[in-house]
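Asker: Data file model-v7.txt (compact mmCIF, N, CA and C atoms) is appended below.
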# COMPACT_ATOMS: atom_id res chain seq x y z
N MET R 1 8.80 -8.42 23.63
CA MET R 1 8.66 -8.78 25.02
C MET R 1 7.39 -9.61 25.18
N LYS R 2 7.48 -10.62 26.01
CA LYS R 2 6.32 -11.47 26.27
C LYS R 2 5.30 -10.72 27.11
N SER R 3 4.04 -11.06 26.89
CA SER R 3 3.00 -10.50 27.74
C SER R 3 3.04 -11.22 29.09
N PHE R 4 2.38 -10.65 30.05
CA PHE R 4 2.34 -11.22 31.39
C PHE R 4 1.73 -12.62 31.35
N ARG R 5 0.66 -12.79 30.58
CA ARG R 5 0.00 -14.11 30.48
C ARG R 5 0.92 -15.14 29.85
N GLN R 6 1.70 -14.72 28.86
CA GLN R 6 2.63 -15.66 28.22
C GLN R 6 3.69 -16.12 29.21
N VAL R 7 4.19 -15.19 30.02
CA VAL R 7 5.20 -15.56 31.01
C VAL R 7 4.61 -16.53 32.02
N ILE R 8 3.38 -16.27 32.48
CA ILE R 8 2.72 -17.17 33.44
C ILE R 8 2.53 -18.55 32.81
N HIS R 9 2.05 -18.57 31.57
CA HIS R 9 1.83 -19.85 30.90
C HIS R 9 3.15 -20.60 30.74
N ASP R 10 4.19 -19.91 30.34
CA ASP R 10 5.49 -20.56 30.18
C ASP R 10 6.02 -21.06 31.52
N GLN R 11 5.78 -20.31 32.58
CA GLN R 11 6.24 -20.72 33.91
C GLN R 11 5.56 -22.01 34.32
N ALA R 12 4.26 -22.11 34.07
CA ALA R 12 3.50 -23.30 34.45
C ALA R 12 3.89 -24.50 33.59
N ALA R 13 4.29 -24.26 32.36
CA ALA R 13 4.59 -25.34 31.44
C ALA R 13 6.03 -25.85 31.56
N ALA R 14 6.82 -25.25 32.44
CA ALA R 14 8.24 -25.64 32.56
C ALA R 14 8.35 -27.09 33.05
N LYS R 15 9.21 -27.87 32.38
CA LYS R 15 9.37 -29.26 32.78
C LYS R 15 10.78 -29.56 33.24
N SER R 16 11.78 -28.99 32.60
CA SER R 16 13.16 -29.28 32.99
C SER R 16 13.72 -28.14 33.82
N SER R 17 14.73 -28.46 34.64
CA SER R 17 15.31 -27.43 35.51
C SER R 17 16.00 -26.36 34.68
N ASN R 18 16.58 -26.74 33.53
CA ASN R 18 17.24 -25.77 32.68
C ASN R 18 16.23 -24.75 32.17
N LYS R 19 15.06 -25.24 31.76
CA LYS R 19 14.01 -24.34 31.28
C LYS R 19 13.51 -23.46 32.43
N THR R 20 13.41 -24.01 33.62
CA THR R 20 12.97 -23.24 34.77
C THR R 20 13.95 -22.12 35.07
N ILE R 21 15.22 -22.40 34.97
CA ILE R 21 16.22 -21.36 35.21
C ILE R 21 16.07 -20.26 34.18
N LYS R 22 15.90 -20.63 32.92
CA LYS R 22 15.72 -19.63 31.87
C LYS R 22 14.47 -18.80 32.14
N GLU R 23 13.39 -19.45 32.58
CA GLU R 23 12.16 -18.73 32.85
C GLU R 23 12.31 -17.83 34.06
N SER R 24 13.08 -18.26 35.04
CA SER R 24 13.31 -17.41 36.20
C SER R 24 14.04 -16.14 35.77
N ILE R 25 15.01 -16.30 34.88
CA ILE R 25 15.72 -15.13 34.37
C ILE R 25 14.76 -14.26 33.56
N ALA R 26 13.90 -14.89 32.77
CA ALA R 26 12.90 -14.13 32.01
C ALA R 26 11.96 -13.41 32.96
N GLY R 27 11.58 -14.08 34.04
CA GLY R 27 10.69 -13.45 35.02
C GLY R 27 11.34 -12.24 35.67
N LYS R 28 12.63 -12.39 35.98
CA LYS R 28 13.35 -11.25 36.57
C LYS R 28 13.46 -10.11 35.57
N GLY R 29 13.71 -10.46 34.31
CA GLY R 29 13.77 -9.43 33.28
C GLY R 29 12.44 -8.73 33.12
N TYR R 30 11.37 -9.51 33.16
CA TYR R 30 10.02 -8.94 33.05
C TYR R 30 9.76 -8.01 34.23
N ALA R 31 10.12 -8.45 35.44
CA ALA R 31 9.91 -7.61 36.62
C ALA R 31 10.75 -6.34 36.54
N ALA R 32 11.98 -6.46 36.03
CA ALA R 32 12.83 -5.28 35.89
C ALA R 32 12.23 -4.29 34.89
N ALA R 33 11.70 -4.81 33.79
CA ALA R 33 11.06 -3.93 32.80
C ALA R 33 9.84 -3.24 33.39
N GLN R 34 9.04 -3.99 34.15
CA GLN R 34 7.87 -3.41 34.79
C GLN R 34 8.29 -2.32 35.78
N ASN R 35 9.38 -2.57 36.51
CA ASN R 35 9.88 -1.58 37.47
C ASN R 35 10.35 -0.31 36.75
N ARG R 36 11.04 -0.46 35.63
CA ARG R 36 11.48 0.72 34.87
C ARG R 36 10.28 1.52 34.39
N GLN R 37 9.26 0.83 33.88
CA GLN R 37 8.06 1.52 33.42
C GLN R 37 7.35 2.21 34.58
N HIS R 38 7.35 1.57 35.74
CA HIS R 38 6.75 2.17 36.93
C HIS R 38 7.48 3.46 37.29
N GLN R 39 8.82 3.42 37.26
CA GLN R 39 9.60 4.61 37.59
C GLN R 39 9.39 5.73 36.56
N THR R 40 9.25 5.36 35.29
CA THR R 40 8.97 6.35 34.26
C THR R 40 7.62 7.02 34.51
N LEU R 41 6.63 6.21 34.83
CA LEU R 41 5.31 6.75 35.13
C LEU R 41 5.35 7.65 36.36
N ARG R 42 6.14 7.26 37.35
CA ARG R 42 6.27 8.07 38.57
C ARG R 42 6.82 9.45 38.23
N THR R 43 7.83 9.48 37.37
CA THR R 43 8.41 10.76 36.95
C THR R 43 7.38 11.61 36.22
N GLN R 44 6.59 10.97 35.37
CA GLN R 44 5.54 11.69 34.64
C GLN R 44 4.49 12.24 35.59
N VAL R 45 4.13 11.46 36.61
CA VAL R 45 3.13 11.90 37.58
C VAL R 45 3.63 13.13 38.33
N VAL R 46 4.87 13.10 38.77
CA VAL R 46 5.43 14.25 39.50
C VAL R 46 5.44 15.48 38.62
N SER R 47 5.80 15.30 37.35
CA SER R 47 5.82 16.42 36.41
C SER R 47 4.42 16.98 36.19
N LYS R 48 3.45 16.10 35.99
CA LYS R 48 2.07 16.55 35.77
C LYS R 48 1.51 17.24 37.01
N LEU R 49 1.83 16.73 38.19
CA LEU R 49 1.34 17.36 39.41
C LEU R 49 1.93 18.76 39.58
N SER R 50 3.17 18.93 39.19
CA SER R 50 3.78 20.27 39.23
C SER R 50 3.07 21.20 38.26
N ALA R 51 2.73 20.71 37.07
CA ALA R 51 2.00 21.52 36.10
C ALA R 51 0.62 21.88 36.63
N ILE R 52 -0.02 20.95 37.30
CA ILE R 52 -1.35 21.22 37.88
C ILE R 52 -1.25 22.31 38.93
N GLN R 53 -0.23 22.22 39.80
CA GLN R 53 -0.04 23.26 40.81
C GLN R 53 0.18 24.62 40.15
N ASN R 54 0.96 24.64 39.11
CA ASN R 54 1.24 25.88 38.41
C ASN R 54 -0.04 26.45 37.79
N ASP R 55 -0.84 25.61 37.15
CA ASP R 55 -2.10 26.07 36.57
C ASP R 55 -3.05 26.58 37.65
N CYS R 56 -3.09 25.92 38.79
CA CYS R 56 -3.95 26.39 39.90
C CYS R 56 -3.48 27.76 40.39
N ARG R 57 -2.17 27.92 40.48
CA ARG R 57 -1.62 29.21 40.91
C ARG R 57 -2.01 30.30 39.91
N LEU R 58 -1.92 30.00 38.62
CA LEU R 58 -2.30 30.99 37.59
C LEU R 58 -3.80 31.28 37.63
N ALA R 59 -4.62 30.24 37.87
CA ALA R 59 -6.07 30.43 37.93
C ALA R 59 -6.45 31.32 39.11
N ILE R 60 -5.75 31.17 40.22
CA ILE R 60 -6.05 31.99 41.40
C ILE R 60 -5.74 33.46 41.11
N GLN R 61 -4.67 33.70 40.36
CA GLN R 61 -4.25 35.08 40.08
C GLN R 61 -5.05 35.71 38.93
N GLU R 62 -5.77 34.91 38.18
CA GLU R 62 -6.50 35.40 37.00
C GLU R 62 -7.78 36.11 37.42
N ASP R 63 -8.02 37.28 36.83
CA ASP R 63 -9.25 38.04 37.11
C ASP R 63 -10.35 37.71 36.10
N ASP R 64 -9.98 37.33 34.91
CA ASP R 64 -10.95 37.02 33.85
C ASP R 64 -11.56 35.65 34.13
N ASP R 65 -12.89 35.62 34.30
CA ASP R 65 -13.58 34.36 34.61
C ASP R 65 -13.43 33.33 33.49
N ARG R 66 -13.43 33.79 32.24
CA ARG R 66 -13.29 32.86 31.11
C ARG R 66 -11.93 32.16 31.15
N LYS R 67 -10.88 32.91 31.36
CA LYS R 67 -9.54 32.31 31.43
C LYS R 67 -9.40 31.41 32.66
N ARG R 68 -10.01 31.83 33.75
CA ARG R 68 -9.97 31.02 34.96
C ARG R 68 -10.66 29.67 34.73
N GLY R 69 -11.79 29.70 34.01
CA GLY R 69 -12.50 28.47 33.66
C GLY R 69 -11.65 27.57 32.78
N GLU R 70 -10.91 28.17 31.84
CA GLU R 70 -10.03 27.39 30.98
C GLU R 70 -8.94 26.71 31.81
N TYR R 71 -8.38 27.43 32.77
CA TYR R 71 -7.36 26.84 33.66
C TYR R 71 -7.94 25.67 34.45
N LEU R 72 -9.15 25.86 34.95
CA LEU R 72 -9.76 24.82 35.77
C LEU R 72 -10.06 23.57 34.95
N PHE R 73 -10.54 23.75 33.73
CA PHE R 73 -10.78 22.58 32.88
C PHE R 73 -9.47 21.88 32.53
N ARG R 74 -8.40 22.64 32.32
CA ARG R 74 -7.09 22.05 32.05
C ARG R 74 -6.62 21.26 33.28
N VAL R 75 -6.86 21.81 34.46
CA VAL R 75 -6.47 21.12 35.69
C VAL R 75 -7.24 19.80 35.83
N ILE R 76 -8.53 19.82 35.55
CA ILE R 76 -9.33 18.59 35.64
C ILE R 76 -8.82 17.55 34.64
N PHE R 77 -8.49 17.98 33.42
CA PHE R 77 -7.96 17.07 32.41
C PHE R 77 -6.63 16.48 32.86
N GLU R 78 -5.77 17.32 33.40
CA GLU R 78 -4.46 16.84 33.86
C GLU R 78 -4.60 15.90 35.07
N LEU R 79 -5.55 16.17 35.94
CA LEU R 79 -5.80 15.28 37.07
C LEU R 79 -6.26 13.90 36.60
N ALA R 80 -7.10 13.89 35.56
CA ALA R 80 -7.54 12.61 35.00
C ALA R 80 -6.34 11.84 34.44
N ALA R 81 -5.42 12.54 33.79
CA ALA R 81 -4.23 11.88 33.24
C ALA R 81 -3.36 11.33 34.37
N VAL R 82 -3.26 12.07 35.47
CA VAL R 82 -2.47 11.60 36.62
C VAL R 82 -3.10 10.36 37.23
N LEU R 83 -4.42 10.35 37.36
CA LEU R 83 -5.09 9.17 37.91
C LEU R 83 -4.90 7.96 37.01
N LYS R 84 -4.90 8.17 35.70
CA LYS R 84 -4.65 7.08 34.76
C LYS R 84 -3.22 6.54 34.96
N ASP R 85 -2.26 7.45 35.13
CA ASP R 85 -0.87 7.02 35.38
C ASP R 85 -0.76 6.25 36.69
N PHE R 86 -1.48 6.68 37.71
CA PHE R 86 -1.47 5.94 38.98
C PHE R 86 -2.02 4.53 38.80
N ALA R 87 -3.06 4.38 37.98
CA ALA R 87 -3.60 3.05 37.71
C ALA R 87 -2.57 2.19 37.01
N GLU R 88 -1.84 2.75 36.05
CA GLU R 88 -0.78 2.00 35.36
C GLU R 88 0.33 1.61 36.33
N MET R 89 0.68 2.51 37.24
CA MET R 89 1.71 2.21 38.23
C MET R 89 1.27 1.06 39.12
N SER R 90 0.00 1.05 39.49
CA SER R 90 -0.54 -0.02 40.32
C SER R 90 -0.47 -1.36 39.59
N THR R 91 -0.79 -1.34 38.30
CA THR R 91 -0.72 -2.55 37.49
C THR R 91 0.71 -3.06 37.44
N ARG R 92 1.67 -2.17 37.24
CA ARG R 92 3.08 -2.56 37.19
C ARG R 92 3.52 -3.18 38.52
N THR R 93 3.09 -2.59 39.62
CA THR R 93 3.45 -3.12 40.94
C THR R 93 2.86 -4.51 41.14
N ASN R 94 1.61 -4.69 40.74
CA ASN R 94 0.98 -6.01 40.85
C ASN R 94 1.70 -7.04 40.00
N ASN R 95 2.12 -6.66 38.80
CA ASN R 95 2.85 -7.58 37.93
C ASN R 95 4.17 -8.01 38.56
N ILE R 96 4.87 -7.08 39.17
CA ILE R 96 6.14 -7.39 39.83
C ILE R 96 5.90 -8.35 40.99
N SER R 97 4.88 -8.09 41.78
CA SER R 97 4.57 -8.95 42.92
C SER R 97 4.17 -10.35 42.46
N ALA R 98 3.36 -10.44 41.43
CA ALA R 98 2.95 -11.74 40.92
C ALA R 98 4.14 -12.53 40.40
N MET R 99 5.05 -11.86 39.71
CA MET R 99 6.23 -12.55 39.20
C MET R 99 7.09 -13.08 40.35
N ALA R 100 7.17 -12.34 41.43
CA ALA R 100 7.93 -12.81 42.59
C ALA R 100 7.32 -14.08 43.16
N VAL R 101 6.00 -14.14 43.21
CA VAL R 101 5.32 -15.33 43.71
C VAL R 101 5.58 -16.52 42.79
N PHE R 102 5.48 -16.30 41.48
CA PHE R 102 5.71 -17.39 40.54
C PHE R 102 7.15 -17.91 40.62
N ASP R 103 8.10 -17.00 40.76
CA ASP R 103 9.50 -17.42 40.89
C ASP R 103 9.70 -18.21 42.18
N GLN R 104 9.05 -17.79 43.25
CA GLN R 104 9.17 -18.51 44.52
C GLN R 104 8.56 -19.90 44.40
N GLU R 105 7.41 -20.01 43.78
CA GLU R 105 6.78 -21.32 43.61
C GLU R 105 7.65 -22.23 42.75
N SER R 106 8.25 -21.69 41.72
CA SER R 106 9.13 -22.48 40.86
C SER R 106 10.35 -22.96 41.64
N LEU R 107 10.91 -22.08 42.45
CA LEU R 107 12.07 -22.44 43.26
C LEU R 107 11.72 -23.52 44.27
N MET R 108 10.57 -23.40 44.91
CA MET R 108 10.15 -24.40 45.89
C MET R 108 9.94 -25.76 45.22
N LYS R 109 9.43 -25.77 43.99
CA LYS R 109 9.24 -27.01 43.25
C LYS R 109 10.59 -27.66 42.97
N GLU R 110 11.59 -26.85 42.65
CA GLU R 110 12.94 -27.37 42.37
C GLU R 110 13.62 -27.88 43.64
N LEU R 111 13.37 -27.21 44.76
CA LEU R 111 14.04 -27.57 46.01
C LEU R 111 13.33 -28.69 46.78
N ALA R 112 12.10 -28.99 46.45
CA ALA R 112 11.33 -29.99 47.18
C ALA R 112 12.04 -31.33 47.29
N PRO R 113 12.61 -31.88 46.21
CA PRO R 113 13.31 -33.16 46.34
C PRO R 113 14.53 -33.07 47.27
N VAL R 114 15.23 -31.97 47.22
CA VAL R 114 16.41 -31.79 48.07
C VAL R 114 16.00 -31.70 49.54
N ILE R 115 14.98 -30.93 49.81
CA ILE R 115 14.49 -30.79 51.19
C ILE R 115 13.98 -32.14 51.72
N LYS R 116 13.28 -32.85 50.86
CA LYS R 116 12.77 -34.17 51.26
C LYS R 116 13.92 -35.12 51.58
N ALA R 117 14.97 -35.11 50.77
CA ALA R 117 16.13 -35.98 51.01
C ALA R 117 16.85 -35.62 52.30
N ILE R 118 16.98 -34.35 52.58
CA ILE R 118 17.64 -33.90 53.81
C ILE R 118 16.84 -34.29 55.04
N THR R 119 15.53 -34.10 55.00
CA THR R 119 14.68 -34.41 56.16
C THR R 119 14.60 -35.92 56.40
N GLN R 120 14.71 -36.73 55.35
CA GLN R 120 14.67 -38.18 55.52
C GLN R 120 15.96 -38.71 56.11
N LYS R 121 17.07 -38.02 55.89
CA LYS R 121 18.36 -38.46 56.45
C LYS R 121 18.40 -38.25 57.96
N ARG R 122 17.64 -37.36 58.48
CA ARG R 122 17.66 -37.07 59.91
C ARG R 122 16.99 -38.14 60.64
What would you get if you wrote out this structure as structure tokens?

Answerer:
Amino acid sequence: MKSFRQVIHDQAAAKSSNKTIKESIAGKGYAAAQNRQHQTLRTQVVSKLSAIQNDCRLAIQEDDDRKRGEYLFRVIFELAAVLKDFAEMSTRTNNISAMAVFDQESLMKELAPVIKAITQKR
């Protein structure tokens, strides 16, 4: 799979309409892959948050301070992992949005001559 920078570079370097169409399809594929990864991360986040709630529930019921401390450190570790997943989800969302902008710019470049011809006929 191409990196995001490679897709951007290829989009900017497009010269023929056939290549632009191929890149638009590649852009959509890239956005779809990013969306799937975002959904996978979302599922992981929900699962981790459920585990955190469970550990908090166990820590509340625990009488031994040592075990309670272990639960709390595990909760902090799991919260850090959830925050990391949220950052990845944000990156995926930004990538999808950027690809939409690039596809729109490419489409406007392709349609510009047609729009100009239509407006001149009026």

Asker: Would you place a box with edges along x, y and z of the file around all atoms of segment 41-46 of chain R listed there, add 6 Å to each of its six sides, and report the centre and edge lengths in Å to one decimal, as AutoDock Vina command-line options?

Answerer:
--center_x 5.8 --center_y 10.8 --center_z 37.1 --size_x 17.3 --size_y 21.3 --size_z 16.9

Asker: What separation in Å, quoted to one decimal, exists between atom CA of Ala59 of chain R and atom CA of Leu72 of chain R?

Answerer: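 Distance between the two atoms: 7.1 Å.
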
Asker: One decimal, Å: what's the distance from atom CA of Ala80 of chain R over to atom CA of Leu49 of chain R, could you say?

Answerer: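 Pair atom CA of Ala80 of chain R / atom CA of Leu49 of chain R returns 11.0 Å.
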
Asker: Quick check, in Å to one decimal: how far apart do atom N of Thr119 of chain R and atom N of Leu107 of chain R lie?

Answerer: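 Atom N of Thr119 of chain R sits 18.0 Å away from atom N of Leu107 of chain R.
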
Asker: Applying 12 Å and only C-alpha atoms, which residues near Val46 of chain R remain after dropping the ones on its own chain fewer than 4 positions away? List them as number ranges by chain.

Answerer: R: 39-42, 50-53, 78-79, 81-83, 85-86

Asker: Which of these, R:Glu70, R:Asp103, R:Glu110, R:Glu88, has the shortest distance to Asp55 of chain R once you count only C-alpha atoms?

Answerer: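 Once distances to Asp55 of chain R are computed over only C-alpha atoms, the minimum belongs to R:Glu70.
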